[in-house]
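What follows is the content of structure_29.pdb (PDB, C-alpha atoms).
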ATOM      1  CA  MET A  88     157.738 172.772 219.412
ATOM      2  CA  GLN A  89     158.392 173.494 215.740
ATOM      3  CA  LYS A  90     156.875 171.308 213.047
ATOM      4  CA  THR A  91     158.881 170.694 209.901
ATOM      5  CA  PHE A  92     157.073 171.142 206.595
ATOM      6  CA  SER A  93     156.679 168.098 204.370
ATOM      7  CA  PRO A  94     155.372 168.749 200.836
ATOM      8  CA  LEU A  95     154.354 165.102 200.525
ATOM      9  CA  GLN A  96     152.397 165.205 203.785
ATOM     10  CA  ASN A  97     150.739 168.447 202.661
ATOM     11  CA  LEU A  98     149.662 166.773 199.406
ATOM     12  CA  VAL A  99     148.364 163.697 201.244
ATOM     13  CA  ASP A 100     146.443 165.870 203.723
ATOM     14  CA  THR A 101     144.890 167.852 200.860
ATOM     15  CA  LEU A 102     143.840 164.698 199.002
ATOM     16  CA  ILE A 103     142.343 163.194 202.158
ATOM     17  CA  GLY A 104     140.478 166.434 202.830
ATOM     18  CA  PHE A 105     139.114 166.526 199.286
ATOM     19  CA  ALA A 106     138.053 162.873 199.490
ATOM     20  CA  LEU A 107     136.209 163.583 202.756
ATOM     21  CA  PHE A 108     134.566 166.637 201.159
ATOM     22  CA  LEU A 109     133.291 164.460 198.305
ATOM     23  CA  LEU A 110     132.180 161.733 200.691
ATOM     24  CA  LEU A 111     130.117 164.216 202.703
ATOM     25  CA  HIS A 112     128.799 166.369 199.880
ATOM     26  CA  GLY A 113     129.138 164.356 196.668
ATOM     27  CA  TYR A 114     125.602 162.993 196.449
ATOM     28  CA  LEU A 115     123.906 166.330 197.120
ATOM     29  CA  LEU A 116     126.271 168.119 194.730
ATOM     30  CA  ALA A 117     125.570 165.613 191.958
ATOM     31  CA  GLN A 118     121.806 165.529 192.459
ATOM     32  CA  ARG A 119     120.949 169.072 193.534
ATOM     33  CA  GLY A 120     124.039 171.280 193.259
ATOM     34  CA  GLN A 121     124.127 171.625 197.040
ATOM     35  CA  THR A 122     126.490 170.946 199.902
ATOM     36  CA  ILE A 123     124.994 170.140 203.293
ATOM     37  CA  GLY A 124     125.382 173.805 204.299
ATOM     38  CA  LYS A 125     123.731 175.055 201.117
ATOM     39  CA  TRP A 126     120.886 172.564 201.633
ATOM     40  CA  VAL A 127     120.330 173.836 205.192
ATOM     41  CA  CYS A 128     120.393 177.470 203.967
ATOM     42  CA  GLY A 129     118.022 176.770 201.076
ATOM     43  CA  ILE A 130     120.458 177.683 198.296
ATOM     44  CA  ARG A 131     122.082 175.785 195.439
ATOM     45  CA  VAL A 132     124.676 176.158 192.699
ATOM     46  CA  VAL A 133     123.475 176.385 189.087
ATOM     47  CA  ARG A 134     124.994 177.493 185.797
ATOM     48  CA  THR A 135     124.629 181.176 184.989
ATOM     49  CA  ASP A 136     121.836 180.271 182.547
ATOM     50  CA  LEU A 137     120.097 178.601 185.557
ATOM     51  CA  SER A 138     120.551 175.074 184.176
ATOM     52  CA  LYS A 139     121.788 172.194 186.328
ATOM     53  CA  VAL A 140     125.537 172.184 186.867
ATOM     54  CA  SER A 141     127.392 168.902 186.342
ATOM     55  CA  LEU A 142     129.294 167.258 189.178
ATOM     56  CA  GLN A 143     132.436 167.335 187.019
ATOM     57  CA  ARG A 144     132.169 171.127 186.615
ATOM     58  CA  ILE A 145     131.567 171.596 190.339
ATOM     59  CA  ILE A 146     134.542 169.445 191.277
ATOM     60  CA  MET A 147     137.073 170.476 188.658
ATOM     61  CA  LEU A 148     136.306 174.172 188.212
ATOM     62  CA  ARG A 149     134.569 175.267 191.398
ATOM     63  CA  GLU A 150     135.937 173.225 194.322
ATOM     64  CA  MET A 151     139.320 171.815 193.227
ATOM     65  CA  PRO A 152     140.934 175.250 192.695
ATOM     66  CA  LEU A 153     140.044 176.209 196.275
ATOM     67  CA  PHE A 154     141.628 173.036 197.643
ATOM     68  CA  VAL A 155     144.747 173.648 195.536
ATOM     69  CA  ILE A 156     145.033 177.218 196.807
ATOM     70  CA  ALA A 157     144.520 176.074 200.391
ATOM     71  CA  ALA A 158     147.345 173.553 199.923
ATOM     72  CA  ILE A 159     149.907 176.247 199.047
ATOM     73  CA  PRO A 160     152.587 175.806 201.703
ATOM     74  CA  LEU A 161     152.770 179.553 202.384
ATOM     75  CA  PRO A 162     149.929 180.215 204.833
ATOM     76  CA  TYR A 163     149.702 183.968 204.278
ATOM     77  CA  VAL A 164     149.662 183.544 200.503
ATOM     78  CA  SER A 165     146.957 180.874 200.511
ATOM     79  CA  ALA A 166     144.863 182.785 203.062
ATOM     80  CA  ALA A 167     145.157 186.006 201.042
ATOM     81  CA  LEU A 168     144.110 184.234 197.828
ATOM     82  CA  LEU A 169     141.123 182.569 199.505
ATOM     83  CA  LEU A 170     140.078 185.895 201.040
ATOM     84  CA  LEU A 171     140.390 187.593 197.646
ATOM     85  CA  ASP A 172     138.165 184.891 196.141
ATOM     86  CA  ALA A 173     135.528 185.407 198.832
ATOM     87  CA  VAL A 174     135.558 189.226 198.664
ATOM     88  CA  PHE A 175     134.352 189.093 195.060
ATOM     89  CA  ILE A 176     130.906 188.040 196.378
ATOM     90  CA  PHE A 177     130.220 191.727 197.086
ATOM     91  CA  ARG A 178     130.189 192.691 193.394
ATOM     92  CA  SER A 179     126.908 193.255 191.583
ATOM     93  CA  SER A 180     127.107 189.782 189.973
ATOM     94  CA  ARG A 181     127.323 188.185 193.469
ATOM     95  CA  GLN A 182     129.876 185.679 192.128
ATOM     96  CA  CYS A 183     133.128 184.703 193.811
ATOM     97  CA  LEU A 184     136.119 184.106 191.547
ATOM     98  CA  HIS A 185     135.572 180.345 191.668
ATOM     99  CA  ASP A 186     131.990 180.928 190.485
ATOM    100  CA  GLN A 187     133.243 182.953 187.538
ATOM    101  CA  VAL A 188     135.760 180.256 186.603
ATOM    102  CA  ALA A 189     133.058 177.568 186.737
ATOM    103  CA  ASP A 190     130.353 179.774 185.149
ATOM    104  CA  THR A 191     128.099 179.176 188.145
ATOM    105  CA  VAL A 192     125.970 181.224 190.495
ATOM    106  CA  VAL A 193     124.346 180.477 193.851
ATOM    107  CA  VAL A 194     120.556 180.889 193.897
ATOM    108  CA  ASN A 195     117.733 180.491 196.416
ATOM    109  CA  VAL A 196     115.846 177.219 196.120
TER     110      VAL A 196
END
Conversion result in C-alpha cells:
Amino acid sequence: MQKTFSPLQNLVDTLIGFALFLLLHGYLLAQRGQTIGKWVCGIRVVRTDLSKVSLQRIIMLREMPLFVIAAIPLPYVSAALLLLDAVFIFRSSRQCLHDQVADTVVVNV
C-alpha cells in the first residue's frame, strides 16, 4: 500500500509533535534547562557563559530548527541533516550545530 504525501498533513503532524514535546518537557526546560531525558542523565542546557538559558531561546533556536528539518518531506535529506547536526558533538567544543546556533552547551548537573 502506497501512502500519498500531503504537505498540509505533514505540517499538522509536525505542529502536533512540537506541542506534545512542549507539553512533556516545557516545565523542566523553563525551570532547569532540562528535558526528561536530560534530567534522568543528570545533564542540562546552559548558555556558553554557563548562565541560565531562556525558554524562548531553547524553543526558537535550539529545538524548533530540528523540528523544521525533521518535517522536510524528503526523508533522506532530513535524516542526513539531522545526522550532520548530531555528528558535530564529536568536536572539541562538544556542541551540536543546534547548540552553536542557540549559543548553548550541555553540562553535568
Task: atom CA of Met151 of chain A to atom CA of Leu115 of chain A, straight-line distance in Å - done: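 Between atom CA of Leu115 of chain A and atom CA of Met151 of chain A the gap works out to 16.8 Å.
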- [ ] For each of A:Thr91, A:Asp186, A:Asn195, A:Leu171, take the minimum atom-to-atom distance to Val127 of chain A, counting all atoms listed in the file, then give the residue where this is smallest.
- [x]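 Of all the options, A:Asn195 lies closest to Val127 of chain A.
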TODO: Between A:Pro94, A:Gly104, A:Gly129, A:Gly124, single out the one closest to Ile159 of chain A, counting all atoms listed in the file.
DONE: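 Among A:Pro94, A:Gly104, A:Gly129, A:Gly124, it is A:Pro94 that comes nearest to Ile159 of chain A.
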Open item on the list: Under the PyMOL selection byres ((chain A and resi 152) around 12), which residues of this model are included? Write them out as a ChimeraX atom specification.
Closed with: /A:101,105,144-151,153-159,165,168-169,172,184-186,188-189
Where's the centre, and what are the edge lengths in Å to one decimal, of a box along x, y and z enclosing all listed atoms of segment 176-186 of chain A padded 6 Å per side, as JSON?
{"center_x": 131.5, "center_y": 186.8, "center_z": 193.5, "size_x": 21.2, "size_y": 24.9, "size_z": 19.1}
Task: Residue IDs satisfying the PyMOL selection byres ((chain A and resi 182) around 12), as an NGL selection string - done: :A and (132-135 or 149 or 172-181 or 183-194)
Open item on the list: Give me, as a list in words, all polymer residues having an atom no more than 9 Å from His112 of chain A, counting only C-alpha atoms and skipping those fewer than 6 positions away in the same chain.
Closed with: Gln121, Thr122 and Ile123 of chain A
Open item on the list: Between atom CA of Leu142 of chain A and atom CA of Arg119 of chain A, what distance in Å does the model show, to one decimal?
Closed with: 9.6 Å
TODO: Give me, please, the distance in Å between atom CA of Ala167 of chain A and atom CA of Ile103 of chain A, quoted to one decimal.
DONE: 23.0 Å
Could I get segment 149-181 of chain A from the block written out with N, CA, C and O atoms, as a PDB file, in the first residue's frame?
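Result file is result-v2.pdb:
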ATOM      1  N   ARG A 149      17.033  26.344  19.513  1.00  0.00           N
ATOM      2  CA  ARG A 149      17.630  25.036  19.755  1.00  0.00           C
ATOM      3  C   ARG A 149      16.724  23.897  19.300  1.00  0.00           C
ATOM      4  O   ARG A 149      17.188  22.950  18.685  1.00  0.00           O
ATOM      5  N   GLU A 150      15.441  23.952  19.590  1.00  0.00           N
ATOM      6  CA  GLU A 150      14.537  22.842  19.284  1.00  0.00           C
ATOM      7  C   GLU A 150      13.769  23.020  17.973  1.00  0.00           C
ATOM      8  O   GLU A 150      13.645  22.078  17.199  1.00  0.00           O
ATOM      9  N   MET A 151      13.239  24.225  17.731  1.00  0.00           N
ATOM     10  CA  MET A 151      12.419  24.455  16.538  1.00  0.00           C
ATOM     11  C   MET A 151      13.159  24.111  15.240  1.00  0.00           C
ATOM     12  O   MET A 151      12.577  23.461  14.367  1.00  0.00           O
ATOM     13  N   PRO A 152      14.435  24.503  15.078  1.00  0.00           N
ATOM     14  CA  PRO A 152      15.115  24.135  13.834  1.00  0.00           C
ATOM     15  C   PRO A 152      15.160  22.624  13.595  1.00  0.00           C
ATOM     16  O   PRO A 152      15.039  22.171  12.453  1.00  0.00           O
ATOM     17  N   LEU A 153      15.287  21.839  14.649  1.00  0.00           N
ATOM     18  CA  LEU A 153      15.315  20.386  14.494  1.00  0.00           C
ATOM     19  C   LEU A 153      13.955  19.852  14.036  1.00  0.00           C
ATOM     20  O   LEU A 153      13.888  18.949  13.201  1.00  0.00           O
ATOM     21  N   PHE A 154      12.884  20.411  14.570  1.00  0.00           N
ATOM     22  CA  PHE A 154      11.549  20.004  14.139  1.00  0.00           C
ATOM     23  C   PHE A 154      11.305  20.409  12.690  1.00  0.00           C
ATOM     24  O   PHE A 154      10.695  19.662  11.925  1.00  0.00           O
ATOM     25  N   VAL A 155      11.777  21.575  12.299  1.00  0.00           N
ATOM     26  CA  VAL A 155      11.616  22.036  10.913  1.00  0.00           C
ATOM     27  C   VAL A 155      12.381  21.118   9.968  1.00  0.00           C
ATOM     28  O   VAL A 155      11.859  20.702   8.932  1.00  0.00           O
ATOM     29  N   ILE A 156      13.608  20.777  10.324  1.00  0.00           N
ATOM     30  CA  ILE A 156      14.396  19.874   9.485  1.00  0.00           C
ATOM     31  C   ILE A 156      13.727  18.511   9.390  1.00  0.00           C
ATOM     32  O   ILE A 156      13.639  17.925   8.309  1.00  0.00           O
ATOM     33  N   ALA A 157      13.238  18.010  10.503  1.00  0.00           N
ATOM     34  CA  ALA A 157      12.571  16.704  10.505  1.00  0.00           C
ATOM     35  C   ALA A 157      11.307  16.710   9.652  1.00  0.00           C
ATOM     36  O   ALA A 157      10.890  15.671   9.146  1.00  0.00           O
ATOM     37  N   ALA A 158      10.705  17.877   9.460  1.00  0.00           N
ATOM     38  CA  ALA A 158       9.470  17.981   8.687  1.00  0.00           C
ATOM     39  C   ALA A 158       9.721  18.081   7.184  1.00  0.00           C
ATOM     40  O   ALA A 158       8.772  18.066   6.400  1.00  0.00           O
ATOM     41  N   ILE A 159      10.968  18.183   6.765  1.00  0.00           N
ATOM     42  CA  ILE A 159      11.270  18.241   5.328  1.00  0.00           C
ATOM     43  C   ILE A 159      10.727  16.969   4.689  1.00  0.00           C
ATOM     44  O   ILE A 159      11.019  15.865   5.150  1.00  0.00           O
ATOM     45  N   PRO A 160       9.931  17.120   3.643  1.00  0.00           N
ATOM     46  CA  PRO A 160       9.251  15.949   3.071  1.00  0.00           C
ATOM     47  C   PRO A 160      10.151  15.009   2.268  1.00  0.00           C
ATOM     48  O   PRO A 160       9.661  14.112   1.609  1.00  0.00           O
ATOM     49  N   LEU A 161      11.444  15.200   2.316  1.00  0.00           N
ATOM     50  CA  LEU A 161      12.385  14.301   1.654  1.00  0.00           C
ATOM     51  C   LEU A 161      13.152  13.552   2.741  1.00  0.00           C
ATOM     52  O   LEU A 161      14.103  14.085   3.318  1.00  0.00           O
ATOM     53  N   PRO A 162      12.737  12.325   3.042  1.00  0.00           N
ATOM     54  CA  PRO A 162      13.281  11.614   4.202  1.00  0.00           C
ATOM     55  C   PRO A 162      14.798  11.525   4.239  1.00  0.00           C
ATOM     56  O   PRO A 162      15.405  11.675   5.295  1.00  0.00           O
ATOM     57  N   TYR A 163      15.432  11.262   3.106  1.00  0.00           N
ATOM     58  CA  TYR A 163      16.891  11.133   3.118  1.00  0.00           C
ATOM     59  C   TYR A 163      17.572  12.467   3.381  1.00  0.00           C
ATOM     60  O   TYR A 163      18.609  12.520   4.031  1.00  0.00           O
ATOM     61  N   VAL A 164      16.972  13.540   2.915  1.00  0.00           N
ATOM     62  CA  VAL A 164      17.541  14.875   3.142  1.00  0.00           C
ATOM     63  C   VAL A 164      17.423  15.244   4.614  1.00  0.00           C
ATOM     64  O   VAL A 164      18.397  15.664   5.243  1.00  0.00           O
ATOM     65  N   SER A 165      16.223  15.081   5.182  1.00  0.00           N
ATOM     66  CA  SER A 165      16.044  15.436   6.590  1.00  0.00           C
ATOM     67  C   SER A 165      16.895  14.546   7.491  1.00  0.00           C
ATOM     68  O   SER A 165      17.516  15.028   8.442  1.00  0.00           O
ATOM     69  N   ALA A 166      16.970  13.269   7.207  1.00  0.00           N
ATOM     70  CA  ALA A 166      17.787  12.358   8.016  1.00  0.00           C
ATOM     71  C   ALA A 166      19.266  12.734   7.931  1.00  0.00           C
ATOM     72  O   ALA A 166      19.970  12.725   8.942  1.00  0.00           O
ATOM     73  N   ALA A 167      19.733  13.074   6.731  1.00  0.00           N
ATOM     74  CA  ALA A 167      21.137  13.456   6.562  1.00  0.00           C
ATOM     75  C   ALA A 167      21.449  14.744   7.333  1.00  0.00           C
ATOM     76  O   ALA A 167      22.498  14.855   7.973  1.00  0.00           O
ATOM     77  N   LEU A 168      20.543  15.710   7.294  1.00  0.00           N
ATOM     78  CA  LEU A 168      20.759  16.965   8.013  1.00  0.00           C
ATOM     79  C   LEU A 168      20.759  16.752   9.528  1.00  0.00           C
ATOM     80  O   LEU A 168      21.577  17.332  10.242  1.00  0.00           O
ATOM     81  N   LEU A 169      19.854  15.927  10.022  1.00  0.00           N
ATOM     82  CA  LEU A 169      19.815  15.636  11.455  1.00  0.00           C
ATOM     83  C   LEU A 169      21.052  14.857  11.899  1.00  0.00           C
ATOM     84  O   LEU A 169      21.595  15.108  12.979  1.00  0.00           O
ATOM     85  N   LEU A 170      21.526  13.949  11.059  1.00  0.00           N
ATOM     86  CA  LEU A 170      22.753  13.213  11.372  1.00  0.00           C
ATOM     87  C   LEU A 170      23.953  14.163  11.383  1.00  0.00           C
ATOM     88  O   LEU A 170      24.792  14.099  12.286  1.00  0.00           O
ATOM     89  N   LEU A 171      24.011  15.059  10.400  1.00  0.00           N
ATOM     90  CA  LEU A 171      25.094  16.041  10.361  1.00  0.00           C
ATOM     91  C   LEU A 171      25.106  16.885  11.634  1.00  0.00           C
ATOM     92  O   LEU A 171      26.158  17.123  12.221  1.00  0.00           O
ATOM     93  N   ASP A 172      23.923  17.322  12.067  1.00  0.00           N
ATOM     94  CA  ASP A 172      23.815  18.092  13.306  1.00  0.00           C
ATOM     95  C   ASP A 172      24.392  17.310  14.481  1.00  0.00           C
ATOM     96  O   ASP A 172      25.184  17.827  15.260  1.00  0.00           O
ATOM     97  N   ALA A 173      24.017  16.045  14.591  1.00  0.00           N
ATOM     98  CA  ALA A 173      24.446  15.223  15.721  1.00  0.00           C
ATOM     99  C   ALA A 173      25.939  14.911  15.688  1.00  0.00           C
ATOM    100  O   ALA A 173      26.586  14.850  16.739  1.00  0.00           O
ATOM    101  N   VAL A 174      26.511  14.730  14.511  1.00  0.00           N
ATOM    102  CA  VAL A 174      27.924  14.365  14.390  1.00  0.00           C
ATOM    103  C   VAL A 174      28.835  15.462  14.943  1.00  0.00           C
ATOM    104  O   VAL A 174      29.928  15.177  15.425  1.00  0.00           O
ATOM    105  N   PHE A 175      28.368  16.692  14.929  1.00  0.00           N
ATOM    106  CA  PHE A 175      29.183  17.803  15.418  1.00  0.00           C
ATOM    107  C   PHE A 175      29.484  17.698  16.915  1.00  0.00           C
ATOM    108  O   PHE A 175      30.351  18.399  17.422  1.00  0.00           O
ATOM    109  N   ILE A 176      28.798  16.810  17.641  1.00  0.00           N
ATOM    110  CA  ILE A 176      29.042  16.631  19.068  1.00  0.00           C
ATOM    111  C   ILE A 176      30.460  16.107  19.328  1.00  0.00           C
ATOM    112  O   ILE A 176      31.007  16.275  20.409  1.00  0.00           O
ATOM    113  N   PHE A 177      31.081  15.519  18.318  1.00  0.00           N
ATOM    114  CA  PHE A 177      32.409  14.927  18.490  1.00  0.00           C
ATOM    115  C   PHE A 177      33.549  15.925  18.318  1.00  0.00           C
ATOM    116  O   PHE A 177      34.710  15.542  18.410  1.00  0.00           O
ATOM    117  N   ARG A 178      33.237  17.194  18.105  1.00  0.00           N
ATOM    118  CA  ARG A 178      34.284  18.220  18.038  1.00  0.00           C
ATOM    119  C   ARG A 178      34.764  18.551  19.450  1.00  0.00           C
ATOM    120  O   ARG A 178      34.149  18.149  20.434  1.00  0.00           O
ATOM    121  N   SER A 179      35.833  19.294  19.536  1.00  0.00           N
ATOM    122  CA  SER A 179      36.389  19.634  20.854  1.00  0.00           C
ATOM    123  C   SER A 179      35.425  20.488  21.687  1.00  0.00           C
ATOM    124  O   SER A 179      35.418  20.396  22.906  1.00  0.00           O
ATOM    125  N   SER A 180      34.577  21.286  21.038  1.00  0.00           N
ATOM    126  CA  SER A 180      33.623  22.122  21.779  1.00  0.00           C
ATOM    127  C   SER A 180      32.459  21.317  22.343  1.00  0.00           C
ATOM    128  O   SER A 180      31.719  21.792  23.199  1.00  0.00           O
ATOM    129  N   ARG A 181      32.265  20.086  21.850  1.00  0.00           N
ATOM    130  CA  ARG A 181      31.168  19.198  22.264  1.00  0.00           C
ATOM    131  C   ARG A 181      29.796  19.830  22.039  1.00  0.00           C
ATOM    132  O   ARG A 181      28.863  19.583  22.798  1.00  0.00           O
TER     133      ARG A 181
END
